[in-house]
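Coordinates from my_file-v9.txt are shown below (compact mmCIF, C-alpha atoms).
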```txt
# COMPACT_ATOMS: atom_id res chain seq x y z
CA MET A 1 63.59 102.02 89.54
CA THR A 2 62.90 101.04 93.13
CA LEU A 3 65.41 101.48 95.92
CA HIS A 4 65.68 97.69 96.23
CA ARG A 5 66.61 97.29 92.55
CA VAL A 6 69.15 100.09 92.78
CA ARG A 7 70.73 98.46 95.83
CA VAL A 8 70.83 95.07 94.06
CA PHE A 9 72.50 96.73 91.06
CA TRP A 10 75.22 98.29 93.26
CA LYS A 11 75.78 94.99 95.10
CA VAL A 12 76.15 93.03 91.87
CA ALA A 13 78.49 95.68 90.42
CA PHE A 14 80.59 95.66 93.61
CA TRP A 15 80.98 91.87 93.74
CA VAL A 16 81.72 91.63 90.02
CA LEU A 17 84.49 94.19 90.50
CA VAL A 18 85.81 92.26 93.52
CA VAL A 19 86.07 89.10 91.38
CA LEU A 20 87.63 90.96 88.44
CA THR A 21 90.14 92.66 90.74
CA THR A 22 91.10 89.34 92.30
CA VAL A 23 91.59 87.69 88.91
CA MET A 24 93.56 90.61 87.47
CA CYS A 25 95.81 90.85 90.52
CA LEU A 26 96.63 87.15 90.58
CA MET A 27 97.08 86.37 86.88
CA PRO A 28 100.57 86.40 85.37
CA ASN A 29 101.61 89.87 84.16
CA GLU A 30 101.91 88.65 80.56
CA GLN A 31 98.20 87.76 80.54
CA VAL A 32 96.97 91.17 81.71
CA PRO A 33 95.50 93.03 78.71
CA SER A 34 97.96 95.68 77.55
CA SER A 35 95.23 98.35 77.60
CA LEU A 36 95.06 97.89 81.39
CA VAL A 37 98.80 98.11 81.97
CA PHE A 38 99.99 101.49 83.18
CA TRP A 39 101.65 102.76 86.34
CA ASP A 40 101.10 100.00 88.91
CA LYS A 41 100.34 102.29 91.85
CA ALA A 42 97.76 104.20 89.81
CA GLN A 43 96.09 100.91 88.89
CA HIS A 44 95.80 100.00 92.56
CA THR A 45 94.56 103.45 93.53
CA LEU A 46 91.93 103.64 90.79
CA GLY A 47 90.77 100.07 91.29
CA PHE A 48 90.30 100.43 95.02
CA ALA A 49 88.67 103.85 94.65
CA ALA A 50 86.10 102.18 92.39
CA LEU A 51 85.68 99.33 94.88
CA ALA A 52 85.14 101.83 97.71
CA VAL A 53 82.53 103.79 95.75
CA LEU A 54 80.62 100.68 94.72
CA GLY A 55 80.95 99.09 98.16
CA LEU A 56 79.66 102.18 99.94
CA LEU A 57 76.75 102.55 97.51
CA ALA A 58 75.91 98.86 97.87
CA TYR A 59 76.19 98.75 101.67
CA PRO A 60 75.47 102.26 103.02
CA LEU A 61 74.63 100.93 106.48
CA ALA A 62 77.98 99.14 106.81
CA VAL A 63 80.53 101.87 106.09
CA PRO A 64 83.16 100.78 108.66
CA ARG A 65 82.85 97.13 107.61
CA VAL A 66 83.12 97.98 103.91
CA LEU A 67 86.25 100.08 104.48
CA ALA A 68 87.89 97.55 106.80
CA GLY A 69 86.97 94.73 104.42
CA LEU A 70 88.56 96.52 101.48
CA LEU A 71 91.76 97.15 103.45
CA LEU A 72 91.91 93.46 104.37
CA PHE A 73 91.09 92.49 100.79
CA GLY A 74 94.01 94.58 99.53
CA ALA A 75 96.35 93.02 102.08
CA GLY A 76 95.07 89.56 101.17
CA ILE A 77 95.75 90.15 97.49
CA GLU A 78 99.30 91.22 98.25
CA TYR A 79 99.84 88.11 100.36
CA ALA A 80 98.25 85.86 97.73
CA GLN A 81 100.57 87.34 95.09
CA THR A 82 103.57 86.14 97.09
CA LEU A 83 102.19 82.58 96.85
CA THR A 84 101.68 82.55 93.07
CA GLY A 85 105.29 82.22 91.94
CA TRP A 86 104.68 84.72 89.12
CA ARG A 87 103.62 87.82 91.07
CA GLN A 88 105.08 89.47 94.13
CA GLY A 89 103.33 91.22 96.98
CA ASP A 90 104.32 94.78 97.75
CA TRP A 91 103.29 96.79 100.80
CA MET A 92 103.45 99.93 98.63
CA ASP A 93 100.69 98.43 96.48
CA TRP A 94 98.63 97.97 99.63
CA LEU A 95 99.32 101.60 100.51
CA ALA A 96 98.09 102.60 97.03
CA ASP A 97 94.96 100.49 97.72
CA ALA A 98 94.43 102.44 100.95
CA VAL A 99 94.82 105.76 99.13
CA GLY A 100 92.24 104.60 96.59
CA ILE A 101 89.86 103.59 99.38
CA ALA A 102 90.28 107.03 100.96
CA LEU A 103 89.65 108.79 97.64
CA GLY A 104 86.59 106.69 96.88
CA THR A 105 85.24 107.29 100.37
CA ALA A 106 85.82 111.04 100.00
CA ALA A 107 83.95 111.03 96.67
CA VAL A 108 80.97 109.26 98.20
CA ALA A 109 81.06 111.57 101.26
CA VAL A 110 81.03 114.65 99.02
CA TRP A 111 78.19 113.19 96.97
CA ALA A 112 76.23 112.41 100.15
CA ARG A 113 76.89 115.92 101.50
CA VAL A 114 75.65 117.50 98.25
CA ARG A 115 72.48 115.47 98.68
CA GLY A 116 72.14 116.78 102.24
CA ARG A 117 73.10 113.53 103.93
CA SER A 118 76.01 112.17 105.88
CA LEU A 119 78.04 109.16 104.80
CA PHE A 120 77.99 107.86 108.37
CA ALA A 121 74.38 108.70 109.18
CA GLY A 122 73.18 105.17 108.51
CA ASN A 123 70.45 106.43 106.20
CA PRO A 124 69.30 103.44 104.09
CA GLU A 125 68.42 105.77 101.22
CA THR A 126 71.90 107.25 100.84
```
Starting from the file, lay out its structure as structure tokens.
Amino acid sequence: MTLHRVRVFWKVAFWVLVVLTTVMCLMPNEQVPSSLVFWDKAQHTLGFAALAVLGLLAYPLAVPRVLAGLLLFGAGIEYAQTLTGWRQGDWMDWLADAVGIALGTAAVAVWARVRGRSLFAGNPET
């Protein structure tokens, strides 16, 4: 598999997860599949850790933008929830998003370090 195809795969996976996260966070609680309902803060943390991993793999030359974008995305979701009438925004959820972003970033940084690279080196092959 060429580097280009791998990068396209990560980009598609990232954007699919962005759309799924948006839908899941804005749909009424009763419509969320019961298999996905567990401790709310853990859901936010795990979801945003996955977004961070996929985002950093998809856009390795844009680490600061990916991380800032995910923080803004999390804040935007919380604000959008206040507008739905059936969900409520919570700054603690946004904090859980930030923890997930940090954990996902740490995972990618460790993986990059094991491979002898730096997460912030701007290496297009990371």
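The spacing separating CA of Leu95 in chain A from CA of His44 in chain A amounts to 8.8 Å.
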Using only C-alpha atoms, which residues sit within 12 Å of Val16 in chain A once same-chain residues fewer than 4 positions away are excluded, as JSON, numbers by chain? {"A": [9, 10, 11, 12, 20, 21, 22, 23, 50, 51, 54, 55]}
With all atoms listed in the file counted, which protein, DNA or RNA residues have an atom no more than 12 Å from (101.8, 100.3, 88.9) in the file frame? Please answer as a short mmCIF file (atom, residue, chain, number, x, y, z; two decimals) with C-alpha atoms, in the coordinates of the input.
```
data_model
loop_
_atom_site.label_atom_id
_atom_site.label_comp_id
_atom_site.auth_asym_id
_atom_site.auth_seq_id
_atom_site.Cartn_x
_atom_site.Cartn_y
_atom_site.Cartn_z
CA CYS A 25 95.81 90.85 90.52
CA ASN A 29 101.61 89.87 84.16
CA LEU A 36 95.06 97.89 81.39
CA VAL A 37 98.80 98.11 81.97
CA PHE A 38 99.99 101.49 83.18
CA TRP A 39 101.65 102.76 86.34
CA ASP A 40 101.10 100.00 88.91
CA LYS A 41 100.34 102.29 91.85
CA ALA A 42 97.76 104.20 89.81
CA GLN A 43 96.09 100.91 88.89
CA HIS A 44 95.80 100.00 92.56
CA THR A 45 94.56 103.45 93.53
CA LEU A 46 91.93 103.64 90.79
CA GLY A 47 90.77 100.07 91.29
CA ASP A 90 104.32 94.78 97.75
CA MET A 92 103.45 99.93 98.63
CA ASP A 93 100.69 98.43 96.48
CA TRP A 94 98.63 97.97 99.63
CA LEU A 95 99.32 101.60 100.51
CA ALA A 96 98.09 102.60 97.03
CA ASP A 97 94.96 100.49 97.72
#
```
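Nearest residue to Gly76 in chain A, choosing from A:Ala62, A:Val99, A:Val108, A:Leu26 and counting all atoms listed in the file: A:Leu26.
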Can you tell me, as an MDAnalysis selection string, what residues are no more than 10 Å from Gln88 in chain A when counting all atoms listed in the file, ignoring any on the same chain fewer than 2 positions away? chainID A and resid 26 77:86 90
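Residues in contact range of Leu56 in chain A, defined as at most 10 Å between all atoms listed in the file, with sequence neighbours fewer than 2 positions away removed, read Trp10, Lys11, Phe14, Ala50, Leu51, Ala52, Val53, Leu54, Ala58, Tyr59, Pro60, Leu61, Ala62, Val63, Pro64, Arg65, Val66, Leu67, Gly104, Thr105, Val108, Ala109, Leu119 and Thr126 of chain A.
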